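Student: Structure in structure tokens, see below.
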Amino acid sequence: MSESRDFCPRCGDPVPERPEPLPGMPRERDDVLCDSCYFEDFDLVDAPDEVQVRVCAQCGAIHRGNRWVDVGARDYTDIAIEEVSNSLGVHLNAEEVRWGVEPEQVDQNNIRMHCHFSGVVRGTPLEESVVVPVSIARETCQRCGRIAGGYFASLVQVRADDRTPTTEEAETAIEIAESYIAEREDKGDRNAFITEVNRTPDGPNIKISTNQMGSGVAKQIRERFGGTIEEHPTLVTEDGDGNEVYRVTFVARLPRYTAGDVIDPEDGDGPVLVRSNRGRLKGTRLTSGDPYESEFEEGERPEAEDLGSVEDAEETTVVTVEDEHAVQVLDPETYEAKTIPRPDYFDPDAAMVPVLKSHSGLHILPEEAVDDEDEE
Ligand SMILES: [Zn+2]
Ligand SMILES: [Zn+2]
């Protein structure tokens, strides 16, 4: 009997010498068994007795680990295959492993997953099949529950200084909020949602899931239109642990004057066509064509008189160009010829020009009266 001869510790049969395990790796107890003892209680596949898949019936999210995740799938069979596949294990000693799963739909909420495995262990080809029953539990995820319950943590109110936001401003503000939240959702943030958009006569009210996102939306609205943001926290409740829970109302107040308005800053140099009111108010002087910029910082309103807007402009006939500073046009109401200031944007070859008549007189408007805000 050679000294290197080994015996199976279970049945005592001699076993051929096994290769030494890799340095640092312990020899598994089962590794010293003879083939027949080894295969006696060998499982190629480690499979759970059953798998339950919790899905949100509203949004299709699935519960994985201890949280809800969006999987972007409506087909629960695919989800069941994935969940079962992730729960299956193959014995580490198996080589040349092949496997597949085949769903058998029992009813709407039950699938029998037939799992087939083959592999080679100790030079012996093995095959094993297991059936894993999968049940689909349709629930409501926390997010859908909150939306359905009208939950929100912040309210963004879009208002304007001493006026009502225009329909265009209101709709643009809503779009800004929707795309801000959609971007968060796309990044997988399940806390991002809009509970409600309410178009009130004073401007839109937008209910948003978190204070932080309400603040972000208000800032983007200010970035687009200028104006100010007011914050009003209100204590709404105490949570289960006795912590105070605040809801914050963010009022995004759009500036009094916006691109296209004509105002008189009352500085003696005549009316100004407003080009932009983000940061400082910027515009064009209608008497000369010179640029105008208010001395006022963001959110402050210069003392000015509202004279109308480019929408009130009318085309009228140029009678004669008098000199560098004056031009004669027909008053669009009375058809009298009137001498008015000639701004540098006036084209001396033009037969017709847009004019605005207000109580500060008749003024020629630039042809391109309103800058596209997005190009700035
Ligand atoms: Zn044995
Ligand atoms: Zn859901």
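Lettering and numbering for the structure tokens are positional, with chains as A, B, ... in the shown order, residues counted from 1 in each chain, and ligands counted from 1 in the shown order.
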Set the cut-off to 6 Å, count only C-alpha atoms and all ligand atoms, and list whatever residues fall near ligand 1 as a PyMOL selection string.

Tutor: chain A and resi 8+10-11+13+33-34+36-37

Student: Could I get the residues of stretch 184-235 of chain A with an atom no further than 12 Å from an atom of stretch 301-315 of chain A, each paired with its nearest atom pair and that distance in Å to one decimal, using only C-alpha atoms, sorted by chain and residue number, as a Markdown table?

Tutor:
| residue | atom | partner | partner_atom | distance |
| --- | --- | --- | --- | --- |
| A:Gly226 | CA | A:Arg301 | CA | 11.3 |
| A:Gly227 | CA | A:Arg301 | CA | 9.1 |
| A:Thr228 | CA | A:Arg301 | CA | 10.7 |

Student: Go ahead and write the selection's residues with all heavy atoms as a CSV table (one decimal), in the first residue's frame.

Tutor:
chain,number,residue,atom,x,y,z
A,226,GLY,N,-36.6,86.0,-15.6
A,226,GLY,CA,-36.3,87.0,-14.7
A,226,GLY,C,-37.3,87.1,-13.5
A,226,GLY,O,-38.1,86.2,-13.4
A,227,GLY,N,-37.2,88.1,-12.7
A,227,GLY,CA,-38.2,88.3,-11.6
A,227,GLY,C,-37.6,87.8,-10.3
A,227,GLY,O,-36.3,87.7,-10.2
A,228,THR,N,-38.4,87.4,-9.4
A,228,THR,CA,-38.0,87.1,-8.0
A,228,THR,C,-38.6,85.8,-7.6
A,228,THR,O,-39.6,85.3,-8.2
A,228,THR,CB,-38.4,88.2,-7.0
A,228,THR,OG1,-39.8,88.3,-7.1
A,228,THR,CG2,-37.7,89.5,-7.3

Student: Could the residues that lie within 6 Å of ligand 2, counting only C-alpha atoms and all ligand atoms, be listed as a compact mmCIF listing (two decimals) with N, CA, C and O atoms, in the first residue's frame?

Tutor:
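Result file result_34.txt:
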# COMPACT_ATOMS: atom_id res chain seq x y z
N CYS A 56 -45.76 46.96 -9.11
CA CYS A 56 -46.74 48.03 -8.91
C CYS A 56 -47.72 47.98 -10.08
O CYS A 56 -47.32 48.07 -11.25
N GLN A 58 -49.77 50.14 -10.95
CA GLN A 58 -49.95 51.44 -11.59
C GLN A 58 -48.83 51.74 -12.58
O GLN A 58 -49.08 52.09 -13.71
N CYS A 59 -47.58 51.61 -12.11
CA CYS A 59 -46.46 52.09 -12.93
C CYS A 59 -45.55 50.97 -13.41
O CYS A 59 -44.64 51.23 -14.19
N ALA A 61 -43.35 49.31 -11.73
CA ALA A 61 -42.10 49.16 -10.98
C ALA A 61 -42.12 47.81 -10.26
O ALA A 61 -43.20 47.26 -9.99
N THR A 140 -49.31 48.54 -4.88
CA THR A 140 -49.13 49.94 -5.27
C THR A 140 -47.83 50.40 -4.63
O THR A 140 -47.66 50.27 -3.42
N CYS A 141 -46.91 50.89 -5.45
CA CYS A 141 -45.63 51.33 -4.89
C CYS A 141 -45.83 52.62 -4.09
O CYS A 141 -46.86 53.29 -4.20
N ARG A 143 -44.49 55.49 -4.42
CA ARG A 143 -44.61 56.67 -5.25
C ARG A 143 -46.04 56.82 -5.79
O ARG A 143 -46.66 57.87 -5.67
N CYS A 144 -46.58 55.73 -6.37
CA CYS A 144 -47.94 55.79 -6.91
C CYS A 144 -48.95 56.04 -5.79
O CYS A 144 -49.95 56.74 -5.98

Student: Just the helix (DSSP H, G or I) stuff from stretch 129-236 of chain A, please, per backbone DSSP, written as number ranges by chain.

Tutor: A: 142-148, 167-186, 211-225

Student: Taking the backbone alone, and naming residues the way the document does, which bits of stretch 105-292 of chain A are strand (DSSP E or B) by DSSP, as a ChimeraX atom specification?

Tutor: /A:105-107,110-121,124-139,154-160,163,194-200,203-208,228-238,244-254,261-264,272-276,282-285,291-292

Student: Counting only C-alpha atoms, which of A:Ser129, A:Thr210, A:Ser135, A:Ser294 gets nearest to A:Val106?

Tutor: A:Ser135

Student: Can you list, as an mmCIF file with N, CA and C atoms, in the first residue's frame, every protein, DNA or RNA residue that comes within 12 Å of A:Gly268 when you count only C-alpha atoms, leaving out same-chain residues fewer than 5 positions away?

Tutor:
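What landed in out-v1.cif:
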data_model
loop_
_atom_site.group_PDB
_atom_site.id
_atom_site.type_symbol
_atom_site.label_atom_id
_atom_site.label_comp_id
_atom_site.auth_asym_id
_atom_site.auth_seq_id
_atom_site.Cartn_x
_atom_site.Cartn_y
_atom_site.Cartn_z
ATOM 1 N N ARG A 285 -34.046 102.461 -26.996
ATOM 2 C CA ARG A 285 -34.721 103.761 -26.896
ATOM 3 C C ARG A 285 -35.416 104.059 -28.219
ATOM 4 N N THR A 287 -36.671 106.823 -29.355
ATOM 5 C CA THR A 287 -36.392 108.134 -29.956
ATOM 6 C C THR A 287 -35.098 108.116 -30.761
ATOM 7 N N ALA A 304 -41.377 103.351 -13.849
ATOM 8 C CA ALA A 304 -41.583 103.545 -15.276
ATOM 9 C C ALA A 304 -43.058 103.537 -15.557
ATOM 10 N N SER A 360 -47.547 109.336 -24.756
ATOM 11 C CA SER A 360 -46.288 110.066 -24.842
ATOM 12 C C SER A 360 -45.952 110.365 -26.305
#

Student: Using Å and a single decimal, report how far atom CA of A:His91 sits from atom CA of A:Asp41.

Tutor: 12.3 Å

Student: Which residue gives the smallest distance to A:His232 among A:Val262, A:Leu155, A:Asp78, A:Gly149, with only C-alpha atoms counted?

Tutor: A:Leu155

Student: So how many Å separate atom CA of A:Ala94 and atom CA of A:Gly119, to one decimal?

Tutor: 5.6 Å

Student: Leaving out stretch 185-202 of chain A and any residue of its chain fewer than 3 positions from it, which residues lie within 7 Å of it when counting only C-alpha atoms, given as a compact mmCIF listing (two decimals) with N, CA, C and O atoms, in the first residue's frame?

Tutor:
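Ended up saving to result.txt:
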# COMPACT_ATOMS: atom_id res chain seq x y z
N ARG A 143 -44.49 55.49 -4.42
CA ARG A 143 -44.61 56.67 -5.25
C ARG A 143 -46.04 56.82 -5.79
O ARG A 143 -46.66 57.87 -5.67
N ILE A 147 -48.81 59.76 -5.04
CA ILE A 147 -49.44 60.57 -6.08
C ILE A 147 -50.96 60.45 -5.97
O ILE A 147 -51.69 61.44 -6.01
N GLY A 150 -52.47 62.50 -3.33
CA GLY A 150 -52.33 63.94 -3.43
C GLY A 150 -51.15 64.51 -2.65
O GLY A 150 -51.07 65.70 -2.37
N TYR A 151 -50.17 63.65 -2.34
CA TYR A 151 -49.02 64.09 -1.55
C TYR A 151 -48.18 65.11 -2.32
O TYR A 151 -47.94 64.96 -3.51
N PHE A 152 -47.74 66.13 -1.63
CA PHE A 152 -46.73 67.02 -2.20
C PHE A 152 -46.00 67.72 -1.08
O PHE A 152 -46.54 67.86 0.03
N ARG A 159 -46.50 83.63 -10.60
CA ARG A 159 -47.26 84.88 -10.54
C ARG A 159 -46.45 85.95 -11.27
O ARG A 159 -45.38 85.68 -11.78
N THR A 164 -50.94 89.78 -14.33
CA THR A 164 -51.15 88.34 -14.35
C THR A 164 -50.22 87.76 -15.41
O THR A 164 -50.05 88.38 -16.47
N ILE A 181 -38.73 67.85 -13.85
CA ILE A 181 -39.07 66.63 -13.10
C ILE A 181 -38.82 65.39 -13.97
O ILE A 181 -38.31 64.37 -13.49
N ALA A 182 -39.15 65.50 -15.27
CA ALA A 182 -38.93 64.35 -16.17
C ALA A 182 -37.46 63.97 -16.22
O ALA A 182 -37.10 62.79 -16.26
N ASN A 205 -50.48 76.89 -10.39
CA ASN A 205 -50.01 76.32 -9.13
C ASN A 205 -49.54 74.90 -9.44
O ASN A 205 -50.31 74.11 -9.98
N ILE A 206 -48.29 74.60 -9.10
CA ILE A 206 -47.72 73.29 -9.44
C ILE A 206 -47.29 72.60 -8.15
O ILE A 206 -46.43 73.11 -7.43
N LYS A 207 -47.90 71.44 -7.86
CA LYS A 207 -47.55 70.69 -6.64
C LYS A 207 -46.44 69.70 -6.96
O LYS A 207 -46.59 68.87 -7.87
N ILE A 208 -45.36 69.78 -6.21
CA ILE A 208 -44.15 69.00 -6.51
C ILE A 208 -43.75 68.18 -5.29
O ILE A 208 -43.97 68.58 -4.15
N SER A 209 -43.12 67.02 -5.57
CA SER A 209 -42.89 66.01 -4.54
C SER A 209 -41.92 66.41 -3.43
O SER A 209 -42.09 65.99 -2.30

Student: Skipping near chain neighbours, those fewer than 3 positions away, what residues fall within 12 Å of A:Gly203 using only C-alpha atoms, listed as number ranges by chain?

Tutor: A: 156-161, 163-174, 197-200, 206, 251-254

Student: Store the residues of this selection in a file with N, CA, C and O atoms, as a compact mmCIF listing (two decimals), in the first residue's frame.

Tutor:
# COMPACT_ATOMS: atom_id res chain seq x y z
N VAL A 156 -45.26 75.35 -6.21
CA VAL A 156 -44.67 76.45 -6.97
C VAL A 156 -45.82 77.26 -7.56
O VAL A 156 -46.66 76.72 -8.29
N GLN A 157 -45.87 78.53 -7.19
CA GLN A 157 -46.90 79.41 -7.74
C GLN A 157 -46.23 80.35 -8.73
O GLN A 157 -45.27 81.04 -8.37
N VAL A 158 -46.72 80.37 -9.96
CA VAL A 158 -46.17 81.29 -10.95
C VAL A 158 -47.07 82.52 -10.98
O VAL A 158 -48.26 82.43 -11.28
N ARG A 159 -46.50 83.63 -10.60
CA ARG A 159 -47.26 84.88 -10.54
C ARG A 159 -46.45 85.95 -11.27
O ARG A 159 -45.38 85.68 -11.78
N ALA A 160 -46.97 87.17 -11.33
CA ALA A 160 -46.22 88.25 -11.96
C ALA A 160 -46.39 89.51 -11.13
O ALA A 160 -47.35 89.64 -10.37
N ASP A 161 -45.41 90.42 -11.26
CA ASP A 161 -45.39 91.65 -10.49
C ASP A 161 -46.44 92.60 -11.04
O ASP A 161 -46.32 93.06 -12.18
N ARG A 163 -49.28 92.29 -12.28
CA ARG A 163 -50.04 91.87 -13.46
C ARG A 163 -50.26 90.37 -13.35
O ARG A 163 -49.80 89.75 -12.39
N THR A 164 -50.94 89.78 -14.33
CA THR A 164 -51.15 88.34 -14.35
C THR A 164 -50.22 87.76 -15.41
O THR A 164 -50.05 88.38 -16.47
N PRO A 165 -49.62 86.60 -15.17
CA PRO A 165 -48.79 86.00 -16.23
C PRO A 165 -49.62 85.76 -17.49
O PRO A 165 -50.80 85.41 -17.40
N THR A 166 -49.00 85.98 -18.66
CA THR A 166 -49.71 85.70 -19.91
C THR A 166 -49.86 84.18 -20.05
O THR A 166 -49.17 83.41 -19.39
N THR A 167 -50.78 83.78 -20.95
CA THR A 167 -50.96 82.35 -21.19
C THR A 167 -49.65 81.71 -21.63
O THR A 167 -49.30 80.61 -21.20
N GLU A 168 -48.91 82.41 -22.48
CA GLU A 168 -47.65 81.86 -22.97
C GLU A 168 -46.65 81.68 -21.82
O GLU A 168 -45.98 80.65 -21.72
N GLU A 169 -46.58 82.69 -20.95
CA GLU A 169 -45.67 82.57 -19.80
C GLU A 169 -46.09 81.41 -18.90
O GLU A 169 -45.26 80.63 -18.42
N ALA A 170 -47.40 81.30 -18.67
CA ALA A 170 -47.91 80.24 -17.79
C ALA A 170 -47.57 78.87 -18.36
O ALA A 170 -47.06 77.99 -17.66
N GLU A 171 -47.84 78.69 -19.66
CA GLU A 171 -47.59 77.38 -20.28
C GLU A 171 -46.09 77.07 -20.32
O GLU A 171 -45.68 75.93 -20.13
N THR A 172 -45.27 78.09 -20.58
CA THR A 172 -43.83 77.87 -20.59
C THR A 172 -43.35 77.46 -19.20
O THR A 172 -42.52 76.55 -19.05
N ALA A 173 -43.87 78.11 -18.16
CA ALA A 173 -43.46 77.78 -16.79
C ALA A 173 -43.85 76.33 -16.46
O ALA A 173 -43.06 75.60 -15.84
N ILE A 174 -45.02 75.91 -16.91
CA ILE A 174 -45.46 74.52 -16.66
C ILE A 174 -44.53 73.55 -17.39
O ILE A 174 -44.10 72.54 -16.83
N VAL A 197 -51.11 70.01 -11.53
CA VAL A 197 -50.90 71.34 -12.12
C VAL A 197 -52.28 71.99 -12.19
O VAL A 197 -53.20 71.44 -12.77
N ASN A 198 -52.40 73.13 -11.54
CA ASN A 198 -53.69 73.81 -11.51
C ASN A 198 -53.52 75.20 -12.14
O ASN A 198 -52.76 76.02 -11.65
N ARG A 199 -54.21 75.42 -13.27
CA ARG A 199 -54.10 76.72 -13.94
C ARG A 199 -55.14 77.66 -13.35
O ARG A 199 -56.30 77.63 -13.74
N THR A 200 -54.73 78.48 -12.39
CA THR A 200 -55.68 79.40 -11.75
C THR A 200 -55.70 80.72 -12.53
O THR A 200 -54.79 81.00 -13.30
N ILE A 206 -48.29 74.60 -9.10
CA ILE A 206 -47.72 73.29 -9.44
C ILE A 206 -47.29 72.60 -8.15
O ILE A 206 -46.43 73.11 -7.43
N VAL A 251 -43.00 81.23 -4.61
CA VAL A 251 -43.69 82.10 -5.56
C VAL A 251 -42.65 82.61 -6.56
O VAL A 251 -41.77 83.38 -6.19
N ALA A 252 -42.76 82.14 -7.80
CA ALA A 252 -41.88 82.66 -8.87
C ALA A 252 -42.62 83.84 -9.47
O ALA A 252 -43.63 83.66 -10.15
N ARG A 253 -42.14 85.04 -9.13
CA ARG A 253 -42.87 86.25 -9.57
C ARG A 253 -42.16 86.83 -10.79
O ARG A 253 -41.02 87.28 -10.72
N LEU A 254 -42.85 86.80 -11.92
CA LEU A 254 -42.28 87.30 -13.16
C LEU A 254 -42.25 88.82 -13.12
O LEU A 254 -43.07 89.46 -12.45

Student: Of the candidates A:Thr339, A:Met213, A:Thr316, A:Gly270, which shows the shortest atom-to-atom distance to A:Leu356, using only C-alpha atoms?

Tutor: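 Nearest to A:Leu356: A:Thr316.
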
Student: Rounded to one decimal in Å, what is the spacing between atom CA of A:Thr77 and atom CA of A:Gly65?

Tutor: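 According to the coordinates, atom CA of A:Thr77 and atom CA of A:Gly65 are separated by 19.2 Å.
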
Student: Need the shell around A:Gly100: protein/DNA/RNA residues with any atom at most 8 Å away, counting only C-alpha atoms. Skip same-chain ones fewer than 6 positions apart. Format as a list in words?

Tutor: Cys115, His116 and Phe117 of chain A

Student: Here is a test: counting only C-alpha atoms, which residue of A:Val318, A:Thr237, A:Ile340, A:Ala259 is nearest to A:Glu368?

Tutor: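 Using only C-alpha atoms, the shortest distance to A:Glu368 belongs to A:Ala259.
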
Student: Extract, using only C-alpha atoms, all DNA, RNA and protein residues at most 10 Å from A:Arg64, discarding same-chain residues fewer than 2 positions from it, and format them as a ChimeraX atom specification.

Tutor: /A:53-55,61-62,66-70,83

Student: Taking into account only C-alpha atoms, which residue in the set A:Asp269, A:Asp35, A:Asp323, A:Glu231 is nearest to A:Ser154?

Tutor: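 Once distances to A:Ser154 are computed over only C-alpha atoms, the minimum belongs to A:Glu231.
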